[in-house]
>>> print(open('protein_3.txt').read())   # compact mmCIF, C-alpha atoms and all ligand atoms
# COMPACT_ATOMS: atom_id res chain seq x y z
CA MET M 43 114.71 95.31 79.50
CA SER M 44 117.35 97.97 78.99
CA LYS M 45 119.30 99.44 81.88
CA ILE M 46 118.16 102.91 82.77
CA GLU M 47 120.55 105.72 83.56
CA LEU M 48 119.23 106.87 86.90
CA LYS M 49 121.89 109.36 87.82
CA VAL M 50 120.77 112.94 87.63
CA GLY M 51 123.72 115.30 87.15
CA GLU M 52 126.58 114.14 89.37
CA ALA M 53 124.46 112.79 92.19
CA PRO M 54 123.70 109.09 92.41
CA CYS M 55 120.09 108.62 93.47
CA ALA M 56 118.59 105.86 95.54
CA LEU M 57 117.22 103.98 92.51
CA GLU M 58 118.39 101.04 90.43
CA THR M 59 116.80 98.67 87.97
CA TYR M 60 115.03 95.91 89.89
CA GLU M 61 116.54 92.40 89.84
CA PRO M 62 114.93 89.60 91.89
CA VAL M 63 117.04 88.61 94.90
CA ALA M 64 115.40 85.18 95.25
CA PRO M 65 113.95 84.19 91.87
CA ASP M 66 113.17 80.64 93.05
CA ALA M 67 111.21 81.69 96.15
CA PRO M 68 107.45 80.97 96.19
CA LYS M 69 105.38 83.89 94.94
CA VAL M 70 102.82 86.00 96.79
CA VAL M 71 101.43 87.37 93.54
CA GLN M 72 102.30 86.21 90.06
CA PHE M 73 101.03 87.71 86.79
CA SER M 74 102.02 86.02 83.52
CA GLY M 75 101.02 87.65 80.24
CA VAL M 76 97.86 89.14 81.74
CA ALA M 77 95.47 91.12 79.53
CA LYS M 78 92.05 92.56 80.26
CA THR M 79 89.60 93.43 77.52
CA TYR M 80 86.34 95.10 78.54
CA GLU M 81 83.41 94.20 76.32
CA GLY M 82 80.24 96.14 75.63
CA GLY M 83 81.19 99.52 77.13
CA PRO M 84 80.75 102.82 75.27
CA LYS M 85 84.05 102.10 73.50
CA GLY M 86 82.91 98.61 72.40
CA SER M 87 85.67 96.10 73.03
CA PHE M 88 88.52 97.84 74.86
CA THR M 89 91.85 96.39 75.97
CA ALA M 90 92.92 98.15 79.17
CA ILE M 91 96.08 96.16 80.01
CA LYS M 92 98.19 93.74 78.00
CA ASP M 93 101.07 91.40 78.68
CA VAL M 94 101.40 92.36 82.35
CA THR M 95 104.00 90.02 83.83
CA PHE M 96 105.58 90.20 87.28
CA ASP M 97 106.44 88.05 90.28
CA ILE M 98 106.35 89.19 93.88
CA GLU M 99 108.49 86.73 95.81
CA ASP M 100 107.36 85.58 99.24
CA LEU M 101 110.42 86.29 101.37
CA PRO M 102 110.41 85.26 105.03
CA LYS M 103 109.66 88.19 107.34
CA VAL M 104 109.56 90.65 104.46
CA GLY M 105 106.52 92.27 102.90
CA GLU M 106 107.32 94.36 99.87
CA PHE M 107 105.87 97.81 99.24
CA ILE M 108 105.12 98.22 95.56
CA PRO M 109 103.91 101.60 94.28
CA ILE M 110 102.42 101.68 90.78
CA LEU M 111 102.76 104.83 88.67
CA GLY M 112 101.49 105.49 85.17
CA PRO M 113 99.37 107.88 83.10
CA SER M 114 95.66 108.08 83.89
CA GLY M 115 93.60 105.39 82.24
CA CYS M 116 96.62 103.09 81.75
CA GLY M 117 95.05 100.29 83.77
CA LYS M 118 96.42 100.70 87.31
CA SER M 119 93.06 100.19 89.02
CA THR M 120 92.34 97.31 86.65
CA ILE M 121 95.46 95.46 87.88
CA LEU M 122 94.64 96.06 91.55
CA ARG M 123 91.04 94.98 91.24
CA ILE M 124 92.05 91.82 89.37
CA ILE M 125 94.22 90.92 92.38
CA ALA M 126 91.35 91.84 94.73
CA GLY M 127 88.93 89.65 92.75
CA LEU M 128 86.51 92.56 92.21
CA SER M 129 84.43 92.60 89.03
CA PRO M 130 84.16 93.78 86.31
CA GLN M 131 87.98 94.07 86.27
CA PHE M 132 88.12 90.53 87.66
CA PRO M 133 88.41 88.11 85.97
CA HIS M 134 91.22 88.97 83.55
CA THR M 135 90.83 87.96 79.90
CA THR M 136 94.09 86.15 79.07
CA GLY M 137 97.20 85.02 80.93
CA SER M 138 97.45 83.77 84.48
CA VAL M 139 97.00 85.43 87.88
CA LEU M 140 98.05 83.52 90.98
CA VAL M 141 97.85 84.65 94.61
CA ASN M 142 99.90 82.43 96.91
CA GLY M 143 100.14 79.95 94.06
CA LYS M 144 96.38 79.66 93.47
CA PRO M 145 94.09 81.27 90.89
CA VAL M 146 91.97 84.12 92.29
CA THR M 147 88.29 83.14 92.49
CA GLY M 148 86.93 86.34 94.07
CA PRO M 149 87.56 88.58 97.08
CA GLY M 150 89.03 86.96 100.20
CA PRO M 151 90.27 87.85 103.68
CA ASP M 152 93.88 87.37 102.54
CA ARG M 153 93.51 90.61 100.50
CA GLY M 154 92.33 93.98 101.83
CA MET M 155 91.58 97.07 99.75
CA VAL M 156 91.64 100.79 100.59
CA PHE M 157 90.15 103.23 98.07
CA GLN M 158 90.55 106.97 97.60
CA ASP M 159 86.90 107.74 98.31
CA TYR M 160 86.09 107.34 101.91
CA SER M 161 84.50 103.97 101.82
CA ASN M 162 83.35 103.97 105.44
CA PHE M 163 79.73 103.16 106.16
CA PRO M 164 78.04 106.52 106.83
CA ASN M 165 75.49 105.08 109.27
CA ARG M 166 78.06 103.25 111.42
CA THR M 167 80.27 104.78 114.08
CA VAL M 168 84.06 104.62 113.88
CA LEU M 169 84.02 101.63 116.22
CA GLU M 170 81.33 99.86 114.15
CA ASN M 171 83.19 100.61 110.92
CA VAL M 172 86.50 99.30 112.23
CA SER M 173 84.92 96.14 113.65
CA PHE M 174 82.79 95.43 110.56
CA GLY M 175 85.02 92.70 109.11
CA LEU M 176 85.27 90.96 112.50
CA GLU M 177 81.47 91.02 112.72
CA LEU M 178 81.30 89.20 109.37
CA ALA M 179 83.88 86.73 110.66
CA GLU M 180 81.59 86.14 113.67
CA VAL M 181 84.16 87.22 116.24
CA SER M 182 82.50 87.70 119.67
CA ALA M 183 81.26 91.21 120.54
CA ALA M 184 83.72 91.68 123.40
CA ASP M 185 86.72 90.56 121.35
CA ARG M 186 85.60 92.71 118.41
CA LYS M 187 85.38 95.80 120.58
CA GLU M 188 88.76 95.27 122.16
CA ARG M 189 90.52 94.73 118.84
CA ALA M 190 88.71 97.64 117.16
CA LEU M 191 89.65 100.04 119.99
CA ASP M 192 93.26 98.88 119.69
CA TRP M 193 93.25 99.59 115.94
CA ILE M 194 91.55 102.98 116.42
CA GLN M 195 94.50 103.85 118.64
CA ARG M 196 97.07 102.37 116.26
CA VAL M 197 95.91 104.58 113.36
CA GLY M 198 96.27 107.65 115.56
CA LEU M 199 92.64 108.25 116.53
CA ASP M 200 91.42 108.67 120.09
CA PRO M 201 89.54 105.56 121.27
CA LYS M 202 87.67 107.64 123.85
CA LYS M 203 86.78 110.71 121.80
CA ASP M 204 86.50 109.29 118.28
CA ALA M 205 85.12 105.75 118.60
CA HIS M 206 81.49 106.85 118.70
CA LYS M 207 81.66 109.51 116.01
CA PHE M 208 80.12 109.01 112.58
CA PRO M 209 82.11 109.46 109.33
CA HIS M 210 80.48 112.86 108.58
CA GLU M 211 81.93 114.17 111.86
CA LEU M 212 85.51 113.35 110.77
CA SER M 213 88.03 115.13 108.52
CA GLY M 214 89.26 113.47 105.33
CA GLY M 215 92.46 112.32 107.00
CA MET M 216 90.56 110.85 109.95
CA ASN M 217 88.21 109.03 107.60
CA GLN M 218 91.16 107.48 105.80
CA ARG M 219 92.59 106.40 109.17
CA VAL M 220 89.29 104.62 109.85
CA ALA M 221 89.38 103.00 106.38
CA ILE M 222 92.94 101.80 107.00
CA ALA M 223 92.05 100.43 110.44
CA ARG M 224 89.01 98.67 108.98
CA THR M 225 91.20 96.91 106.43
CA LEU M 226 94.26 96.17 108.58
CA ILE M 227 92.33 94.78 111.56
CA LEU M 228 91.77 91.67 109.43
CA GLU M 229 95.55 91.33 108.97
CA PRO M 230 95.46 90.70 105.22
CA ARG M 231 98.72 89.36 103.75
CA ILE M 232 98.16 91.56 100.70
CA ILE M 233 97.05 95.19 101.00
CA LEU M 234 95.73 96.91 97.86
CA MET M 235 95.60 100.70 97.99
CA ASP M 236 94.14 102.72 95.10
CA GLU M 237 95.25 106.37 95.49
CA PRO M 238 94.35 106.24 99.19
CA PHE M 239 95.80 109.67 100.00
CA GLY M 240 94.79 111.37 96.74
CA ALA M 241 92.21 113.62 98.37
CA LEU M 242 94.28 114.70 101.38
CA ASP M 243 96.12 117.97 101.92
CA PRO M 244 99.95 117.76 101.74
CA ILE M 245 100.68 117.83 105.49
CA THR M 246 98.05 115.22 106.28
CA ARG M 247 99.46 113.18 103.42
CA HIS M 248 102.98 113.17 104.90
CA ARG M 249 101.54 112.10 108.27
CA MET M 250 99.57 109.31 106.63
CA GLN M 251 102.69 108.13 104.78
CA ASP M 252 104.57 107.88 108.07
CA LEU M 253 101.65 106.07 109.69
CA LEU M 254 101.40 103.63 106.80
CA ILE M 255 105.12 102.79 106.93
CA GLU M 256 104.92 102.18 110.67
CA LEU M 257 101.84 99.92 110.42
CA TRP M 258 103.17 98.07 107.40
CA ARG M 259 106.47 97.26 109.14
CA GLY M 260 104.46 95.66 111.95
CA LEU M 261 102.36 93.56 109.58
CA GLU M 262 105.01 92.39 107.08
CA ALA M 263 102.33 92.36 104.39
CA THR M 264 102.77 92.92 100.66
CA VAL M 265 101.39 96.31 99.64
CA PHE M 266 100.40 97.43 96.14
CA PHE M 267 99.93 101.18 96.19
CA ILE M 268 98.63 103.27 93.28
CA THR M 269 99.51 106.94 93.35
CA HIS M 270 99.93 109.91 91.04
CA ASP M 271 102.41 111.46 93.43
CA VAL M 272 105.95 110.53 92.35
CA ALA M 273 107.50 111.64 95.63
CA GLU M 274 105.02 109.52 97.57
CA ALA M 275 105.91 106.49 95.43
CA VAL M 276 109.65 107.03 95.88
CA TYR M 277 109.26 107.58 99.63
CA LEU M 278 107.11 104.53 100.30
CA GLY M 279 108.33 102.01 97.76
CA ASP M 280 110.76 99.10 97.75
CA ARG M 281 110.03 98.23 94.16
CA LEU M 282 108.32 100.62 91.77
CA PHE M 283 106.37 99.73 88.63
CA ILE M 284 105.86 102.32 85.92
CA LEU M 285 103.16 101.44 83.40
CA SER M 286 102.97 102.48 79.77
CA ARG M 287 100.10 104.39 78.24
CA SER M 288 96.96 102.39 77.47
CA PRO M 289 96.87 99.44 76.99
CA GLY M 290 99.07 99.40 80.07
CA THR M 291 102.05 97.13 80.45
CA ILE M 292 105.03 97.41 82.83
CA LEU M 293 107.68 99.61 81.21
CA HIS M 294 110.07 100.10 84.14
CA ARG M 295 110.80 98.16 87.32
CA LEU M 296 112.93 100.07 89.80
CA LYS M 297 114.40 99.21 93.15
CA ILE M 298 114.26 101.94 95.79
CA ALA M 299 116.09 102.28 99.08
CA PRO M 300 113.57 101.89 101.93
CA PRO M 301 112.53 104.95 103.96
CA ASP M 302 114.84 105.51 106.95
CA ARG M 303 113.45 108.84 108.15
CA PRO M 304 110.05 110.56 108.41
CA SER M 305 108.45 111.60 105.14
CA LEU M 306 108.83 115.39 105.37
CA GLU M 307 112.48 115.10 106.44
CA THR M 308 113.28 112.68 103.61
CA HIS M 309 111.60 114.96 101.07
CA ARG M 310 114.08 117.72 101.91
CA THR M 311 117.21 115.69 101.05
CA LYS M 312 119.01 116.07 97.73
CA VAL M 313 119.36 112.35 97.09
CA PHE M 314 115.60 111.98 97.47
CA GLN M 315 114.84 114.90 95.17
CA ASP M 316 117.25 113.44 92.59
CA SER M 317 115.42 110.12 92.72
CA VAL M 318 112.06 111.84 92.26
CA ASN M 319 113.43 113.78 89.29
CA ALA M 320 114.76 110.60 87.72
CA VAL M 321 111.35 108.92 88.00
CA MET M 322 109.62 112.02 86.63
CA ALA M 323 111.94 111.90 83.63
CA LEU M 324 110.70 108.36 82.94
CA LEU M 325 107.04 109.33 83.38
CA ASP M 326 107.03 112.61 81.54
CA PRO M 327 107.09 111.24 77.96
CA LEU M 328 104.19 108.92 78.87
CA GLU M 329 102.00 111.74 80.18
CA THR M 330 102.62 114.35 77.51
CA SER M 331 102.66 112.73 74.07
CA THR M 332 99.42 111.11 72.95
N1 LIG W 401 84.23 98.43 83.43
C1 LIG W 401 84.86 98.98 82.38
N2 LIG W 401 84.33 98.92 81.12
C2 LIG W 401 84.98 99.48 80.08
N3 LIG W 401 86.14 100.13 80.17
C3 LIG W 401 86.70 100.25 81.39
C4 LIG W 401 86.09 99.69 82.57
N4 LIG W 401 86.88 99.97 83.64
C5 LIG W 401 87.93 100.66 83.16
N5 LIG W 401 87.82 100.82 81.81
C6 LIG W 401 88.78 101.50 80.93
O1 LIG W 401 90.03 100.84 81.06
C7 LIG W 401 91.10 101.78 81.09
C8 LIG W 401 91.93 101.59 82.34
O2 LIG W 401 91.15 101.95 83.47
P1 LIG W 401 91.75 102.00 84.93
O3 LIG W 401 92.29 100.66 85.26
O4 LIG W 401 90.69 102.54 85.82
O5 LIG W 401 92.94 103.03 84.75
P2 LIG W 401 93.80 103.88 85.82
O6 LIG W 401 93.44 103.36 87.17
O7 LIG W 401 95.22 103.66 85.43
O8 LIG W 401 93.44 105.31 85.63
C9 LIG W 401 90.45 103.17 80.98
O9 LIG W 401 90.49 103.58 79.63
C10 LIG W 401 89.03 102.94 81.41
O10 LIG W 401 88.14 103.83 80.76
MG MG W 402 92.53 104.26 88.80
>>> encode(input="protein_3.txt", output="structure tokens")
Amino acid sequence: MSKIELKVGEAPCALETYEPVAPDAPKVVQFSGVAKTYEGGPKGSFTAIKDVTFDIEDLPKVGEFIPILGPSGCGKSTILRIIAGLSPQFPHTTGSVLVNGKPVTGPGPDRGMVFQDYSNFPNRTVLENVSFGLELAEVSAADRKERALDWIQRVGLDPKKDAHKFPHELSGGMNQRVAIARTLILEPRIILMDEPFGALDPITRHRMQDLLIELWRGLEATVFFITHDVAEAVYLGDRLFILSRSPGTILHRLKIAPPDRPSLETHRTKVFQDSVNAVMALLDPLETST
């Protein structure tokens, strides 16, 4: 891969080309030459991703945050759902996909997914939504309730006022807090987020970014995070993947300085804006020419 000039004007930005720091470390997720061809859709046989290759090293006490950017339809959701073990994206067609050194055989408690659409159960209260996974895991009712109330609090909801509300009584941001609590209560080692804040207003979005960073630091999990928002990707990410147009493959791998201040405050700094502009310059030719 060629080195990318990531300086905009005179200002150095907080980005460099990614190089593995511990190439020999065991891998959390490993894709080698992965392609996915969908058969029998309206387009006949259609290859959504090709030759997707990356390693996420398992470093002690570190979970990496990996945003994925790329033009619509380039295969971002396909990659995430292959990791999650969700069909019809799973299984992939060629290449190899390993999670903690083993082939994926389907969904599992080691991987948790958060979608853009509020995926909470409409007929369950906040408390029942958040404790759903523990119910499946046959955790006792008392233990379930205690842990769910703790997570309701940790995602910034009020355990007293909100626990017994139903999803239709909550705002979009509150619903996404519930969805995040529902996933994180199971303490997955890998968190898969597909445009989770895509439907939120900008201020709510900044708050959710701050919340996510805080929770993620506590969990030390690996996060894959699809977004269309370049600033969001640069704010949240340690390592950023930029995919090509369809069939998607990884065009750029960038290393980003981790967030050291709240989202809104970071967004106002020049070095941050320069980084965002540099990433936009890489994305722009992919979005415009067809
Ligand atoms: N089940 C499917 N059958 C056929 N084609 C699909 C299926 N799912 C996705 N695709 C196609 O694969 C491509 C990549 O889809 P997707 O991974 O959802 O892209 P992205 O998330 O980057 O927008 C798109 O062209 C989409 O239409
Ligand atoms: Mg998608």
>>> residues_near_point(input="protein_3.txt", point="(91.3, 90.2, 86.8)", cutoff="10 Å", atoms="only C-alpha atoms", output="PyMOL selection string")
chain M and resi 76-79+120-139+146-148
>>> closest_residue(input="protein_3.txt", among="M:Ile232, M:Leu296, M:Leu285, M:Ala273", to="Pro327 (chain M)", atoms="only C-alpha atoms")
M:Leu285
>>> residues_near_ligand(input="protein_3.txt", ligand="ligand LIG 401 (chain W)", cutoff="9 Å", atoms="only C-alpha atoms and all ligand atoms", output="PyMOL selection string")
chain M and resi 78-91+111-123+129-131+236+268+285+287-290
>>> residues_around(input="protein_3.txt", residues="Leu199 (chain M)", least_positions_apart="5", cutoff="9 Å", atoms="only C-alpha atoms", output="count of residues only")
7
>>> closest_residue(input="protein_3.txt", among="M:Glu237, M:Glu329, M:Asp302, M:Glu256", to="ligand MG 402 (chain W)", atoms="all atoms listed in the file")
M:Glu237
>>> residues_around(input="protein_3.txt", residues="Gly143 (chain M)", least_positions_apart="6", cutoff="8 Å", atoms="all atoms listed in the file", output="VMD selection string")
chain M and resid 68 to 72
>>> closest_residue(input="protein_3.txt", among="M:Gln195, M:Ser182, M:Thr269, M:Ser161", to="ligand MG 402 (chain W)", atoms="all atoms listed in the file")
M:Thr269
>>> residues_around(input="protein_3.txt", residues="Asp152 (chain M)", least_positions_apart="2", cutoff="6 Å", atoms="all atoms listed in the file", output="MDAnalysis selection string")
chainID M and resid 150 230:231
>>> decode(input="protein_3.txt", residues="region 179-194 of chain M", atoms="N, CA and C atoms", output="PDB file, in the first residue's frame")
ATOM      1  N   ALA M 179     -29.911 -16.423  28.922  1.00  0.00           N
ATOM      2  CA  ALA M 179     -28.786 -17.120  29.553  1.00  0.00           C
ATOM      3  C   ALA M 179     -29.186 -17.739  30.895  1.00  0.00           C
ATOM      4  N   GLU M 180     -30.489 -17.644  31.201  1.00  0.00           N
ATOM      5  CA  GLU M 180     -31.051 -18.256  32.419  1.00  0.00           C
ATOM      6  C   GLU M 180     -30.426 -17.739  33.715  1.00  0.00           C
ATOM      7  N   VAL M 181     -30.109 -16.451  33.701  1.00  0.00           N
ATOM      8  CA  VAL M 181     -29.656 -15.780  34.930  1.00  0.00           C
ATOM      9  C   VAL M 181     -30.897 -15.591  35.819  1.00  0.00           C
ATOM     10  N   SER M 182     -30.742 -15.711  37.137  1.00  0.00           N
ATOM     11  CA  SER M 182     -31.894 -15.623  38.043  1.00  0.00           C
ATOM     12  C   SER M 182     -32.562 -14.247  37.952  1.00  0.00           C
ATOM     13  N   ALA M 183     -33.859 -14.204  38.242  1.00  0.00           N
ATOM     14  CA  ALA M 183     -34.645 -12.974  38.094  1.00  0.00           C
ATOM     15  C   ALA M 183     -34.055 -11.830  38.918  1.00  0.00           C
ATOM     16  N   ALA M 184     -33.639 -12.107  40.137  1.00  0.00           N
ATOM     17  CA  ALA M 184     -33.126 -11.043  41.002  1.00  0.00           C
ATOM     18  C   ALA M 184     -31.814 -10.476  40.459  1.00  0.00           C
ATOM     19  N   ASP M 185     -30.940 -11.361  40.024  1.00  0.00           N
ATOM     20  CA  ASP M 185     -29.650 -10.968  39.476  1.00  0.00           C
ATOM     21  C   ASP M 185     -29.820 -10.163  38.184  1.00  0.00           C
ATOM     22  N   ARG M 186     -30.753 -10.655  37.343  1.00  0.00           N
ATOM     23  CA  ARG M 186     -31.085  -9.983  36.081  1.00  0.00           C
ATOM     24  C   ARG M 186     -31.514  -8.547  36.324  1.00  0.00           C
ATOM     25  N   LYS M 187     -32.406  -8.385  37.284  1.00  0.00           N
ATOM     26  CA  LYS M 187     -32.963  -7.066  37.564  1.00  0.00           C
ATOM     27  C   LYS M 187     -31.869  -6.121  38.063  1.00  0.00           C
ATOM     28  N   GLU M 188     -31.054  -6.611  38.945  1.00  0.00           N
ATOM     29  CA  GLU M 188     -29.994  -5.774  39.501  1.00  0.00           C
ATOM     30  C   GLU M 188     -29.017  -5.328  38.413  1.00  0.00           C
ATOM     31  N   ARG M 189     -28.607  -6.283  37.579  1.00  0.00           N
ATOM     32  CA  ARG M 189     -27.657  -5.928  36.509  1.00  0.00           C
ATOM     33  C   ARG M 189     -28.293  -5.012  35.469  1.00  0.00           C
ATOM     34  N   ALA M 190     -29.561  -5.254  35.144  1.00  0.00           N
ATOM     35  CA  ALA M 190     -30.242  -4.414  34.144  1.00  0.00           C
ATOM     36  C   ALA M 190     -30.389  -2.982  34.662  1.00  0.00           C
ATOM     37  N   LEU M 191     -30.759  -2.833  35.936  1.00  0.00           N
ATOM     38  CA  LEU M 191     -30.902  -1.478  36.501  1.00  0.00           C
ATOM     39  C   LEU M 191     -29.553  -0.758  36.498  1.00  0.00           C
ATOM     40  N   ASP M 192     -28.485  -1.495  36.787  1.00  0.00           N
ATOM     41  CA  ASP M 192     -27.149  -0.911  36.740  1.00  0.00           C
ATOM     42  C   ASP M 192     -26.829  -0.419  35.322  1.00  0.00           C
ATOM     43  N   TRP M 193     -27.142  -1.234  34.317  1.00  0.00           N
ATOM     44  CA  TRP M 193     -26.848  -0.819  32.938  1.00  0.00           C
ATOM     45  C   TRP M 193     -27.747   0.332  32.478  1.00  0.00           C
ATOM     46  N   ILE M 194     -28.986   0.353  32.933  1.00  0.00           N
ATOM     47  CA  ILE M 194     -29.885   1.466  32.597  1.00  0.00           C
ATOM     48  C   ILE M 194     -29.252   2.772  33.082  1.00  0.00           C
TER      49      ILE M 194
END
